[in-house]
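Written out below as structure tokens is the structure these notes cover.
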Amino acid sequence: MKLKTGVVIGVLLNFVSMTVFAQAYPAVVGDKYVNRQPAHRAKLNGQSVSVVNTADGKGKLVGLKKDVKTARPADLTFTVKVPARGLYELSTWAVPEKEGTPATAAHVKIQIGDRRPTTRILFDAYHGNHQIAGKFDMEAKEEKVKIWLPEGVRLGYIEWKNANDPAIPEKAQRYTPGITPPAGHPRIWVTPQSLPLVKSRLMQGENKAAWDKVHAAAIVPFRFDFNPDEEIFYREDVEKAVETKAFYYLMTGDKTVGREASKLMADYLSVLEFGNVTYGDITREIGRSIYVAALVYDWCYDLLSESDRRNLRFHMLRLARDMEIGWPPFMDSIINGHGNEAQISRDLLAMAIAMYDEDPLPYKYTAYTVLEELVPMRKFEYESPRHNQGVDYGAYRLMWEMHAVWLFYRMTGHPVFDDNIKHLPYYWLYMRLPDGYMLRDGDMFSVKGGTNAPLYWKQPMAMLLSYAYANDPLLKAEFQRQGGLPDNPVLFLLVNDPALPADHDLTKLPLTKDFGKVLGGVVARTGWNNSPESKDVIAEIKGGGYHFANHQHADAGGLQIYHHGIQVGDIGLYLSYGTPYDFNFNKRSIAHSMMLAVDPNEKLRFRTKLQDGGTRFNQRFPQSMEETTTDPWFDNGKVMSGAYGPLAQKPAFSYFKADLTGAYSSKMSQYARGFLFLNLFREDVPAIIILTDDMTTADPSFKKYWQINTLQQPQTTGDTWVLRNALKGLEGNTHVQMLVPAAGARKLEVLAGADANSTFGNRFEVKSTKPEASAYRMMVTPVEARDRDKFLTVFQMAEGDAKPLPLQFREDNGMYQLTVADRVVCMSANAADADAAFTVEVPAGASWQVVLAGLKPGFWNIRQEGGTVHFNTDVVAGNNTVHFTAGAGKYVVSPGRAYGAKDVE
């Protein structure tokens, strides 16, 4: 019908299933346009298709008849007329002929007017019935839309609507970049000022082999056969050839090779079509095509005509529209998720820099996201030199951030990112294990090659860009240990300084790394022997700071211990993002070695279905420092202490304590975990860990679980439990002794295999040969229900058949005292730091190392009863420890500063 205004109105139906079909008319509501056309109302090719009813008889579908010819006229022809020239989105709705999902995706061929036909997914397991076929530029005229159906799938309708661009933030609209590309070309990776430096290094040292590879590939013509009337999917070999030849022209000025790169890119883009493929994070491949086109635009600029440049700009922006982040690039955030990968930091930024003179708008938007959003956020986050997305995703995303670091640095000659990004890669050095893999952190997509022969973990591009930017010999050595970057000689030659020597001597690094307060945690090691035969112990405790979601786990307080293999750690496997197993086990606290407290009424969020008793599960990330620090949702606890000493390089003790109350929901009234790692510098028992927990829940009925996970069956007879693992014929045994609560006041349950892959009775089938899939969970619960419970546990890592060391334990006025080996340790027994006097009893014998941990900041006095030792010491906030050597006797430790006592630092 028509209104007096002449605006055509129709019925807009929100179809949620194929049970209802009705005629839909084109409609214009403001700038909204929807035109849904049922398939059976199209012009049908009676020789090839037929109309059938839906199972309930309320709708109609169009499908192929049997034995139709491949070469045939269109099966359906629709007529569409859009109200105005612009970009429109075409979607389809279809169902399989038979019940179930087809094993492979079904593709439909579509032709709009007399344009080149395109192939799009009509049905697949990922998006099912409803598929967005793509975005198309349409004229305000009547167009014929022809469709050729695949076998086995029936079409219900097609729908056209506006393809609206992502909303542009108001700040981005008003933004004027303070940093802009310089005049002239090149300006991606090099400028006329830095180009001579890169050229001068080509034949030097390790660069020569990479240059020889580039030269050999560049001078050989690349054959690219294509039909301009047929689209193709992306081809990595073509893109690699283009990049190599464009770089060769940049370095040598060989116009023959340069023109070949330009023509090859133009020909490739003319037929390149990604369609509506979304599986496999296809946006990464789309982005690489844009990036390579940008290199040609910039490096071969003087060989391109204005028509050539206009064509490249058209195709780069065409492809950008289909990226996950969209164009303009505000569909996702650059701070986290896929937006924090190559999309902006490499692909769109390179495009924007390349075309800045002809079209400055793309640079305005990309510069805004990098300089005004990403740079300040990372300045804050990287105060803790570890990545919140963990080992794998952290390295992968740092790799792309480092592209932005380099692109701006080379373009301007000045850094735009804070220098703390130079120190971040040391996180991966400390997480490295002698078996070649890493301590677990976040979703681990890297794959080990079996239970006894894990692959050497690597992310060499991240290491390359990091060591070259920081001019760091230790990071360059890590890049070499990871095998270098043999498949990307162009990037290597752009940044590598062959005069920088690689330094493989990791003993120059302290054995302990404290990660600060934004992402709290400590990694402590007994050595830097990262060979499989190593006898080193590596341990990690984490907690405190903030939670940044996505691939970060709910693991505040998580403990990991490695000695000839994982002894204590995480048993979740990252098999697929967002599955019930992923959101209810892998990412959750229950898969980690940490404390649980089950509130049966705790609110579930983010598609979780099961209560696991752990910290709050989070999938919402902060986008600014202000949001991170002011929104309680991101609170992951507070780091109370991080200290090691007395020698920084080889500390005898490493102490960490965190108040983790904020990491849990309001079910938690108070909870703090303390960790003391003792490096004993001995062969039989190289290290001891003392772990304290003081937890108070809002309700005594909330059951508490002290939990550790291990990969081999533990021995649990007696009061000391034994964990074990082995590598290269060498075995490590971890002797676990829980001192508080006493044996009669606690109950131990060990879950094994399938039961271990469960969340309080809800099992998950884990299809994997990795040991984590058939691991063990040790869960200790207090016998009596109380609101407050304390736990004190000692882990002794013993070599082979070595016996655990004798241990003496006493408690005095809120302090635990343990005497073992040549150490006397006193740790606060409470969540709060100690603020009252206590005594330390040092037994007879040789000189003892005394460590007092968990003391309230301020002056303390240490006085030996009947002896000569009497001194004051100032305990610093965030350190909270005192270390001294002492002979036999009783020592009174009191808060305050005693007159006449010696003051020591």
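A note on labels: chains of the structure tokens are A, B, ... as shown, every chain counts residues from 1, and ligands are counted from 1 in their shown order.
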
query = Do you know which residues are at most 9 Å from A:Ala821 counting only C-alpha atoms, after dropping those on the same chain fewer than 5 positions away, and could you put them as a list in words?
reply =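 Result of the neighbour search: Leu680, Leu805, Pro806, Leu807 and Trp848 of chain A.
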
Can I get the selection written as an mmCIF file, in the first residue's frame, with N, CA and C atoms?
data_model
loop_
_atom_site.group_PDB
_atom_site.id
_atom_site.type_symbol
_atom_site.label_atom_id
_atom_site.label_comp_id
_atom_site.auth_asym_id
_atom_site.auth_seq_id
_atom_site.Cartn_x
_atom_site.Cartn_y
_atom_site.Cartn_z
ATOM 1 N N LEU A 680 67.209 -23.589 48.392
ATOM 2 C CA LEU A 680 68.114 -24.169 49.398
ATOM 3 C C LEU A 680 69.524 -24.369 48.869
ATOM 4 N N LEU A 805 63.276 -33.159 53.932
ATOM 5 C CA LEU A 805 64.065 -32.711 55.069
ATOM 6 C C LEU A 805 63.204 -32.641 56.325
ATOM 7 N N PRO A 806 63.819 -32.908 57.497
ATOM 8 C CA PRO A 806 63.069 -32.785 58.758
ATOM 9 C C PRO A 806 62.537 -31.362 58.915
ATOM 10 N N LEU A 807 61.340 -31.276 59.484
ATOM 11 C CA LEU A 807 60.666 -29.984 59.579
ATOM 12 C C LEU A 807 60.119 -29.812 60.995
ATOM 13 N N TRP A 848 72.101 -19.783 61.160
ATOM 14 C CA TRP A 848 70.824 -19.984 60.472
ATOM 15 C C TRP A 848 70.420 -18.717 59.724
#

Could you list, as a PDB file with C-alpha atoms, in the first residue's frame, every residue within 8 Å of A:Tyr891, counting only C-alpha atoms and ignoring same-chain residues fewer than 6 positions away?
ATOM      1  CA  THR A 839      59.278 -14.825  69.453  1.00  0.00           C
ATOM      2  CA  VAL A 840      61.582 -16.685  67.107  1.00  0.00           C
ATOM      3  CA  GLU A 841      63.313 -19.791  68.407  1.00  0.00           C
ATOM      4  CA  VAL A 842      66.570 -20.583  66.617  1.00  0.00           C
ATOM      5  CA  ILE A 862      64.783  -7.647  67.076  1.00  0.00           C
ATOM      6  CA  ARG A 863      66.341  -8.533  70.432  1.00  0.00           C
ATOM      7  CA  GLN A 864      68.061 -11.759  71.491  1.00  0.00           C
ATOM      8  CA  GLU A 865      67.160 -12.820  75.002  1.00  0.00           C
TER       9      GLU A 865
END

message = Applying 8 Å and only C-alpha atoms, which residues near A:Gly614 remain after dropping the ones on its own chain fewer than 6 positions away? List them as a list of chain:residue names.
response = A:Ala554, A:Arg588, A:Ser589, A:Ile590, A:Met595, A:Leu596, A:Ala597, A:Val598, A:Tyr664

Dump as an mmCIF file, in the first residue's frame, selection limited to N, CA and C atoms:
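The resulting part_12.cif:
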data_model
loop_
_atom_site.group_PDB
_atom_site.id
_atom_site.type_symbol
_atom_site.label_atom_id
_atom_site.label_comp_id
_atom_site.auth_asym_id
_atom_site.auth_seq_id
_atom_site.Cartn_x
_atom_site.Cartn_y
_atom_site.Cartn_z
ATOM 1 N N ALA A 554 40.263 -17.248 35.370
ATOM 2 C CA ALA A 554 39.860 -16.880 36.732
ATOM 3 C C ALA A 554 40.761 -17.630 37.712
ATOM 4 N N ARG A 588 37.949 -21.539 34.273
ATOM 5 C CA ARG A 588 37.441 -21.298 35.617
ATOM 6 C C ARG A 588 38.468 -21.720 36.669
ATOM 7 N N SER A 589 38.248 -21.285 37.876
ATOM 8 C CA SER A 589 39.181 -21.542 38.984
ATOM 9 C C SER A 589 39.355 -23.023 39.259
ATOM 10 N N ILE A 590 38.321 -23.807 39.027
ATOM 11 C CA ILE A 590 38.343 -25.211 39.399
ATOM 12 C C ILE A 590 39.421 -25.999 38.658
ATOM 13 N N MET A 595 42.183 -21.824 45.885
ATOM 14 C CA MET A 595 41.108 -22.004 46.843
ATOM 15 C C MET A 595 39.745 -21.779 46.202
ATOM 16 N N LEU A 596 38.792 -22.642 46.595
ATOM 17 C CA LEU A 596 37.406 -22.533 46.162
ATOM 18 C C LEU A 596 36.510 -22.394 47.384
ATOM 19 N N ALA A 597 35.418 -21.684 47.221
ATOM 20 C CA ALA A 597 34.396 -21.572 48.262
ATOM 21 C C ALA A 597 33.050 -21.528 47.557
ATOM 22 N N VAL A 598 32.224 -22.537 47.789
ATOM 23 C CA VAL A 598 31.009 -22.707 47.003
ATOM 24 C C VAL A 598 29.823 -22.044 47.682
ATOM 25 N N TYR A 664 36.970 -12.540 44.338
ATOM 26 C CA TYR A 664 35.780 -13.368 44.505
ATOM 27 C C TYR A 664 34.545 -12.474 44.610
#

request  = Give the helix (DSSP H, G or I) residues of stretch 463-709 of chain A, as assigned by DSSP on the backbone, as a PyMOL selection string.
outcome  = chain A and resi 463-470+473-481+489-495+506-508+580-586+589-591+625-630+632-634+661-663

Let's have the selection written as a tab-separated table (two decimals), in the first residue's frame, with N, CA and C atoms.
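Printed below is result-v2.tsv as written:
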chain	number	residue	atom	x	y	z
A	463	MET	N	59.45	-12.03	19.31
A	463	MET	CA	60.80	-11.85	19.84
A	463	MET	C	61.65	-10.99	18.90
A	464	LEU	N	61.51	-11.20	17.59
A	464	LEU	CA	62.27	-10.41	16.62
A	464	LEU	C	61.98	-8.92	16.79
A	465	LEU	N	60.72	-8.57	16.73
A	465	LEU	CA	60.36	-7.15	16.80
A	465	LEU	C	60.71	-6.56	18.15
A	466	SER	N	60.67	-7.38	19.19
A	466	SER	CA	60.97	-6.88	20.54
A	466	SER	C	62.46	-6.66	20.73
A	467	TYR	N	63.29	-7.65	20.38
A	467	TYR	CA	64.72	-7.48	20.63
A	467	TYR	C	65.30	-6.38	19.73
A	468	ALA	N	64.79	-6.30	18.50
A	468	ALA	CA	65.32	-5.27	17.59
A	468	ALA	C	64.94	-3.87	18.07
A	469	TYR	N	63.74	-3.74	18.61
A	469	TYR	CA	63.31	-2.43	19.10
A	469	TYR	C	64.04	-2.05	20.38
A	470	ALA	N	64.21	-3.02	21.27
A	470	ALA	CA	64.88	-2.74	22.55
A	470	ALA	C	66.39	-2.85	22.44
A	473	PRO	N	70.28	-8.01	23.62
A	473	PRO	CA	70.97	-9.25	23.24
A	473	PRO	C	70.33	-10.51	23.81
A	474	LEU	N	69.77	-10.44	25.05
A	474	LEU	CA	69.16	-11.62	25.66
A	474	LEU	C	67.89	-12.03	24.90
A	475	LEU	N	67.12	-11.05	24.46
A	475	LEU	CA	65.91	-11.37	23.70
A	475	LEU	C	66.26	-11.86	22.30
A	476	LYS	N	67.35	-11.36	21.75
A	476	LYS	CA	67.78	-11.86	20.44
A	476	LYS	C	68.19	-13.32	20.54
A	477	ALA	N	68.81	-13.69	21.65
A	477	ALA	CA	69.17	-15.10	21.84
A	477	ALA	C	67.92	-15.97	21.93
A	478	GLU	N	66.88	-15.48	22.59
A	478	GLU	CA	65.63	-16.24	22.65
A	478	GLU	C	65.03	-16.41	21.26
A	479	PHE	N	65.10	-15.37	20.45
A	479	PHE	CA	64.64	-15.46	19.06
A	479	PHE	C	65.40	-16.56	18.33
A	480	GLN	N	66.68	-16.64	18.52
A	480	GLN	CA	67.48	-17.68	17.86
A	480	GLN	C	67.14	-19.06	18.38
A	481	ARG	N	66.93	-19.19	19.69
A	481	ARG	CA	66.57	-20.50	20.25
A	481	ARG	C	65.22	-20.96	19.70
A	489	PRO	N	61.93	-13.40	5.53
A	489	PRO	CA	63.21	-12.67	5.48
A	489	PRO	C	63.02	-11.16	5.31
A	490	VAL	N	61.90	-10.74	4.73
A	490	VAL	CA	61.67	-9.30	4.52
A	490	VAL	C	61.57	-8.59	5.86
A	491	LEU	N	60.74	-9.10	6.76
A	491	LEU	CA	60.59	-8.47	8.06
A	491	LEU	C	61.91	-8.51	8.84
A	492	PHE	N	62.61	-9.63	8.74
A	492	PHE	CA	63.90	-9.76	9.42
A	492	PHE	C	64.87	-8.69	8.95
A	493	LEU	N	64.95	-8.48	7.66
A	493	LEU	CA	65.88	-7.50	7.11
A	493	LEU	C	65.46	-6.07	7.43
A	494	LEU	N	64.18	-5.84	7.61
A	494	LEU	CA	63.71	-4.49	7.92
A	494	LEU	C	64.16	-4.03	9.30
A	495	VAL	N	64.31	-4.96	10.25
A	495	VAL	CA	64.55	-4.53	11.63
A	495	VAL	C	65.83	-5.07	12.25
A	506	LEU	N	71.58	-16.63	30.33
A	506	LEU	CA	70.43	-16.20	31.12
A	506	LEU	C	70.76	-16.05	32.60
A	507	THR	N	71.91	-16.54	33.03
A	507	THR	CA	72.28	-16.39	34.44
A	507	THR	C	72.52	-14.94	34.82
A	508	LYS	N	72.54	-14.06	33.83
A	508	LYS	CA	72.65	-12.63	34.13
A	508	LYS	C	71.35	-12.09	34.72
A	580	PRO	N	30.87	-25.21	26.54
A	580	PRO	CA	30.56	-25.47	27.95
A	580	PRO	C	31.79	-25.88	28.77
A	581	TYR	N	32.65	-26.70	28.20
A	581	TYR	CA	33.88	-27.10	28.90
A	581	TYR	C	34.79	-25.90	29.11
A	582	ASP	N	34.89	-25.03	28.11
A	582	ASP	CA	35.79	-23.88	28.20
A	582	ASP	C	35.32	-22.90	29.26
A	583	PHE	N	34.02	-22.60	29.28
A	583	PHE	CA	33.49	-21.58	30.19
A	583	PHE	C	33.14	-22.13	31.57
A	584	ASN	N	33.03	-23.44	31.69
A	584	ASN	CA	32.67	-24.02	32.99
A	584	ASN	C	33.81	-24.80	33.64
A	585	PHE	N	34.93	-24.96	32.91
A	585	PHE	CA	36.06	-25.68	33.50
A	585	PHE	C	37.39	-25.04	33.13
A	586	ASN	N	37.75	-25.05	31.86
A	586	ASN	CA	39.09	-24.63	31.45
A	586	ASN	C	39.47	-23.24	31.96
A	589	SER	N	38.25	-21.29	37.88
A	589	SER	CA	39.18	-21.54	38.98
A	589	SER	C	39.35	-23.02	39.26
A	590	ILE	N	38.32	-23.81	39.03
A	590	ILE	CA	38.34	-25.21	39.40
A	590	ILE	C	39.42	-26.00	38.66
A	591	ALA	N	39.86	-25.50	37.51
A	591	ALA	CA	40.92	-26.18	36.76
A	591	ALA	C	42.31	-25.76	37.23
A	625	MET	N	42.60	3.00	31.62
A	625	MET	CA	43.15	2.88	32.96
A	625	MET	C	42.11	3.31	33.99
A	626	GLU	N	41.39	4.38	33.70
A	626	GLU	CA	40.39	4.87	34.65
A	626	GLU	C	39.31	3.83	34.89
A	627	GLU	N	38.82	3.22	33.82
A	627	GLU	CA	37.79	2.20	33.98
A	627	GLU	C	38.33	1.01	34.76
A	628	THR	N	39.57	0.61	34.49
A	628	THR	CA	40.17	-0.52	35.16
A	628	THR	C	40.25	-0.30	36.67
A	629	THR	N	40.69	0.87	37.05
A	629	THR	CA	40.99	1.13	38.47
A	629	THR	C	39.78	1.61	39.27
A	630	THR	N	38.70	2.00	38.60
A	630	THR	CA	37.55	2.52	39.34
A	630	THR	C	36.34	1.60	39.34
A	632	PRO	N	34.76	-1.76	40.21
A	632	PRO	CA	35.09	-2.92	41.04
A	632	PRO	C	35.01	-4.24	40.30
A	633	TRP	N	34.32	-4.26	39.16
A	633	TRP	CA	34.19	-5.52	38.43
A	633	TRP	C	35.56	-6.08	38.05
A	634	PHE	N	36.53	-5.22	37.81
A	634	PHE	CA	37.83	-5.68	37.33
A	634	PHE	C	38.82	-5.95	38.47
A	661	THR	N	40.48	-11.04	48.27
A	661	THR	CA	39.05	-10.89	48.57
A	661	THR	C	38.28	-10.35	47.37
A	662	GLY	N	38.82	-9.32	46.74
A	662	GLY	CA	38.13	-8.67	45.64
A	662	GLY	C	37.99	-9.52	44.40
A	663	ALA	N	38.81	-10.56	44.27
A	663	ALA	CA	38.73	-11.42	43.10
A	663	ALA	C	37.49	-12.32	43.14

task = Calculate how many Å separate atom CA of A:His735 from atom CA of A:Gln817, rounding to one decimal.
result =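 Going from atom CA of A:His735 over to atom CA of A:Gln817 covers 18.8 Å.
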
message = Would you pick out the contacts of A:Ala785 at 12 Å or less, using only C-alpha atoms, so that residues sharing its chain but fewer than 2 positions from it are not included, and give the list as a PyMOL selection string?
response = chain A and resi 597+696-697+699-705+745-746+781-783+787-789

key: A:His504, A:Met640, A:Gln389, A:Asp124 ranked by distance to A:His553, top pick (using only C-alpha atoms)   =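 Once distances to A:His553 are computed over only C-alpha atoms, the minimum belongs to A:Gln389.
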
Point-to-point distance from atom CA of A:Phe515 to atom CA of A:Asp441, Å rounded to tenths =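 According to the coordinates, atom CA of A:Phe515 and atom CA of A:Asp441 are separated by 13.7 Å.
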
request  = Would you mind telling me which residue in A:Pro181, A:Ala172, A:Val292, A:Arg318 lies nearest to A:Leu87 when using only C-alpha atoms?
outcome  =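 Of the candidates, the smallest distance to A:Leu87 is held by A:Arg318.
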
query = Hey, which of A:Gly645, A:Gly178, A:Gly565, A:Pro83 ends up closest to A:Ala726? Count only C-alpha atoms.
reply =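 Of A:Gly645, A:Gly178, A:Gly565, A:Pro83, the one nearest A:Ala726, counting only C-alpha atoms, is A:Gly565.
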
At a cut-off of 12 Å, using only C-alpha atoms, what residues contact A:Glu765? Leave out same-chain residues fewer than 3 positions from it and give the result as a PDB file with C-alpha atoms, in the first residue's frame.
ATOM      1  CA  LEU A 573      42.854 -27.412  27.968  1.00  0.00           C
ATOM      2  CA  LEU A 575      40.164 -26.853  22.889  1.00  0.00           C
ATOM      3  CA  THR A 579      32.200 -24.153  24.767  1.00  0.00           C
ATOM      4  CA  PRO A 580      30.562 -25.472  27.953  1.00  0.00           C
ATOM      5  CA  TYR A 581      33.880 -27.096  28.900  1.00  0.00           C
ATOM      6  CA  ASP A 582      35.785 -23.880  28.200  1.00  0.00           C
ATOM      7  CA  PHE A 585      36.063 -25.680  33.500  1.00  0.00           C
ATOM      8  CA  GLY A 753      40.628 -38.999  35.144  1.00  0.00           C
ATOM      9  CA  ALA A 754      37.068 -38.312  34.050  1.00  0.00           C
ATOM     10  CA  ASP A 755      36.096 -37.231  37.559  1.00  0.00           C
ATOM     11  CA  ALA A 756      38.873 -34.659  37.548  1.00  0.00           C
ATOM     12  CA  ASN A 757      37.351 -33.109  34.399  1.00  0.00           C
ATOM     13  CA  SER A 758      34.226 -32.148  36.267  1.00  0.00           C
ATOM     14  CA  THR A 759      32.676 -29.243  38.076  1.00  0.00           C
ATOM     15  CA  ASN A 762      29.128 -32.329  36.124  1.00  0.00           C
ATOM     16  CA  SER A 768      42.813 -35.148  24.060  1.00  0.00           C
ATOM     17  CA  ALA A 773      42.916 -34.620  30.114  1.00  0.00           C
ATOM     18  CA  SER A 774      43.431 -37.470  32.601  1.00  0.00           C
TER      19      SER A 774
END

For A:Asp874: contacts at 7 Å, only C-alpha atoms, fewer than 2 positions along chain excluded, given as a VMD selection string = chain A and resid 858 to 860 872 876 905

message = One decimal, in Å: what's the spacing between atom CA of A:Asp693 and atom CA of A:Asn618?
response =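 Going from atom CA of A:Asp693 over to atom CA of A:Asn618, I get 23.6 Å.
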
query = Which residues come within 10 Å of A:Met402, counting only C-alpha atoms, excluding same-chain residues fewer than 3 positions away, as a list in words?
reply =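 My reading of the contact set: Ala342, Ser345, Arg346, Arg397, Leu398, Met399, Val405, Trp406, Leu407, Phe408, Phe417, Ile421, Lys422, Met461, Ala462, Met463, Leu464, Leu465, Ser466 and Tyr469 of chain A.
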
ask   = With only C-alpha atoms as the basis for distance, which of A:Asp75, A:Glu341, A:Asp684, A:Asp694 is at the shortest distance from A:Gln670?
value =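 Ranking A:Asp75, A:Glu341, A:Asp684, A:Asp694 by distance to A:Gln670, first place goes to A:Asp694.
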
task = Determine the nearest neighbour of A:Gln343 from the options A:Thr104, A:Ser654, A:Thr734, A:Thr283, counting only C-alpha atoms.
result =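 When distances to A:Gln343 are compared using only C-alpha atoms, the smallest one comes from A:Thr283.
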
message = Considering only strand (DSSP E) as DSSP defines it on the backbone, what residues of stretch 70-277 of chain A qualify? List them as a ChimeraX atom specification.
response = /A:76-81,86-96,106-112,118-123,130-138,142-148,153-162

message = Measuring between only C-alpha atoms, which one of A:Arg786, A:His423, A:His315, A:Lys58 shows the shortest distance to A:His387?
response =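 Smallest separation from A:His387 among the options: A:His423.
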